[in-house]
Amino acid sequence: MQNGTGGITSDLLGGLCCYLRKCLYAILSVGPMPNHIAFIMDGNRRYAKKRNLKDGDGHRAGFSALLSMLRYCFEFGMKYATVYAFSIDNFKRKPEEVESFMELMREKIEELLQQESIINEYGIRLHFIGNMQLLTEPVRVAVEKAMRVTAQNKERFLIICVAYTSRDEIVHAVQESCKDKWNEVQASKEAKISNGAFASINEGLKRNGLDLHIQDSCECYLNETKACNNLLEGLEGAGKKYGLFEHNSEKQSDTYSEAEITSCNGVAEITEERKLELPSIKVVDVEKHMYMAVAPDPDILIRTSGEARLSNFLLWQTSTCPLYAPKALWPEIGLRHLVWAILNFQRHHYYLEKKKKQF
């Protein structure tokens with residue numbers, strides 16, 4: 001009987017809290033509301049030490065805090081949430097600590113996919129970004145499964161950064177951009193040669209009394225040019241042997257020299273043109289290869305434990321993003337911190353929008 005009464009009371013309190021949050025959202029939504037919020041979940045180990053808990057228990061408390069914050073964010077109408085779960089630099093910690101965290105991550109990913117989880121309640125699509133090759137095999141399999149299972153969800157998005165640093169993201173994006181540009185150059189190279197180079201060379205030869213057909217490839221062109229040179233050498237040798245065509249031979253020699261000069265000039269001109277036409281890598285080329293290309297830039301960045309450092313997180317995407325750094329450790333974060341961050345965002349919104357237009 002007592003258990004039944006306790007359950008009813010808990011449901012009533014839960015419903016009341018949900019109603020109060022909706023009222024709070026109605027007040028906040030009078031001003032501009034953020035669409036994307038990012039979290040640096042700092043302080044799990046300090047929380048465990050403060051409460052005399054094991055390190056793993058600190059991360060478990062942090063996961064519970066994450067679920068609560070996600071619920072608040074999505075109730076407030078935000079579409080995107082990004083969390084910094086594990087940095088590449090964290091692999092430098094003790095091997096047993098890294099292994100423990102990887103196992104906890106695998107366990108919590110599977111927990112997120114359960115039918116009654118927040119993922120299914122809000123229709124959330126999961127994106128795991130970072131250097132996935134650094135993860136252990138069981139975690140990588142769980143990550144791939146989670147992204148595959150939630151791929152049809154389109155209402156809200158949760159981006160989890162694991163094995164991630166912003167420098168690694170930027171390097172990856174630049175490398176991919178270079179590969180794309182290189183492939184573009186290679187794909188158009190033969191077309192430019194056949195349509196431009198040989199046409200210019202042939203035109204130069206025509207102006208000097210020679211008429212060579214434009215070849216389909218460099219190989220055919222070189223073969224036929226070689227055959228012509230051999231024929232000319234044979235005729236010249238025969239003329240010298242029998243004393244014939246001496247004057248004509250000299251004239252032809254001069255003519256071919258001019259043709260060679262003209263053709264070389266044509267090639268040089270084309271080379272200069274190619275230098276000018278080489279494709280350049282632009283900002284948009286780099287941005288489309290960023291891990292974070294799956295979401296717009298964050299509107300708010302929250303880092304707990306009072307630290308005001310970005311710690312190599314979203315360096316490219318947060319140039320006009322306000323940083324809120326409450327002193328609370330991550331497992332201690334609550335609704336009041338989120339509300340204060342939103343109010344701070346609304347207060348600076350006009351200035352930040354003006355800055356965005358300058359970029």
# chains A, B, ... in the order shown; residues from 1 in each chain; ligands from 1

call {"tool": "residues_around", "arguments": {"residues": "region 131-144 of chain A", "least_positions_apart": "3", "cutoff": "6 Å", "atoms": "only C-alpha atoms", "output": "list in words"}}
result
Arg106, Met147 and Ala163 of chain A

call {"tool": "select_by_dssp", "arguments": {"residues": "region 82-173 of chain A", "states": "helix (DSSP H, G or I)", "output": "PyMOL selection string"}}
result
chain A and resi 88-92+95-112+118-122+132-134+137-149+166-173

call {"tool": "residues_around", "arguments": {"residues": "Leu352 (chain A)", "least_positions_apart": "4", "cutoff": "7 Å", "atoms": "only C-alpha atoms", "output": "ChimeraX atom specification"}}
result
/A:320,348,356

call {"tool": "closest_residue", "arguments": {"among": "A:His127, A:Lys327, A:Lys189, A:Arg51", "to": "Cys161 (chain A)", "atoms": "only C-alpha atoms"}}
result
A:His127

call {"tool": "atom_distance", "arguments": {"atom1": "CA of Leu335 (chain A)", "atom2": "CA of Tyr72 (chain A)"}}
result
7.0 Å
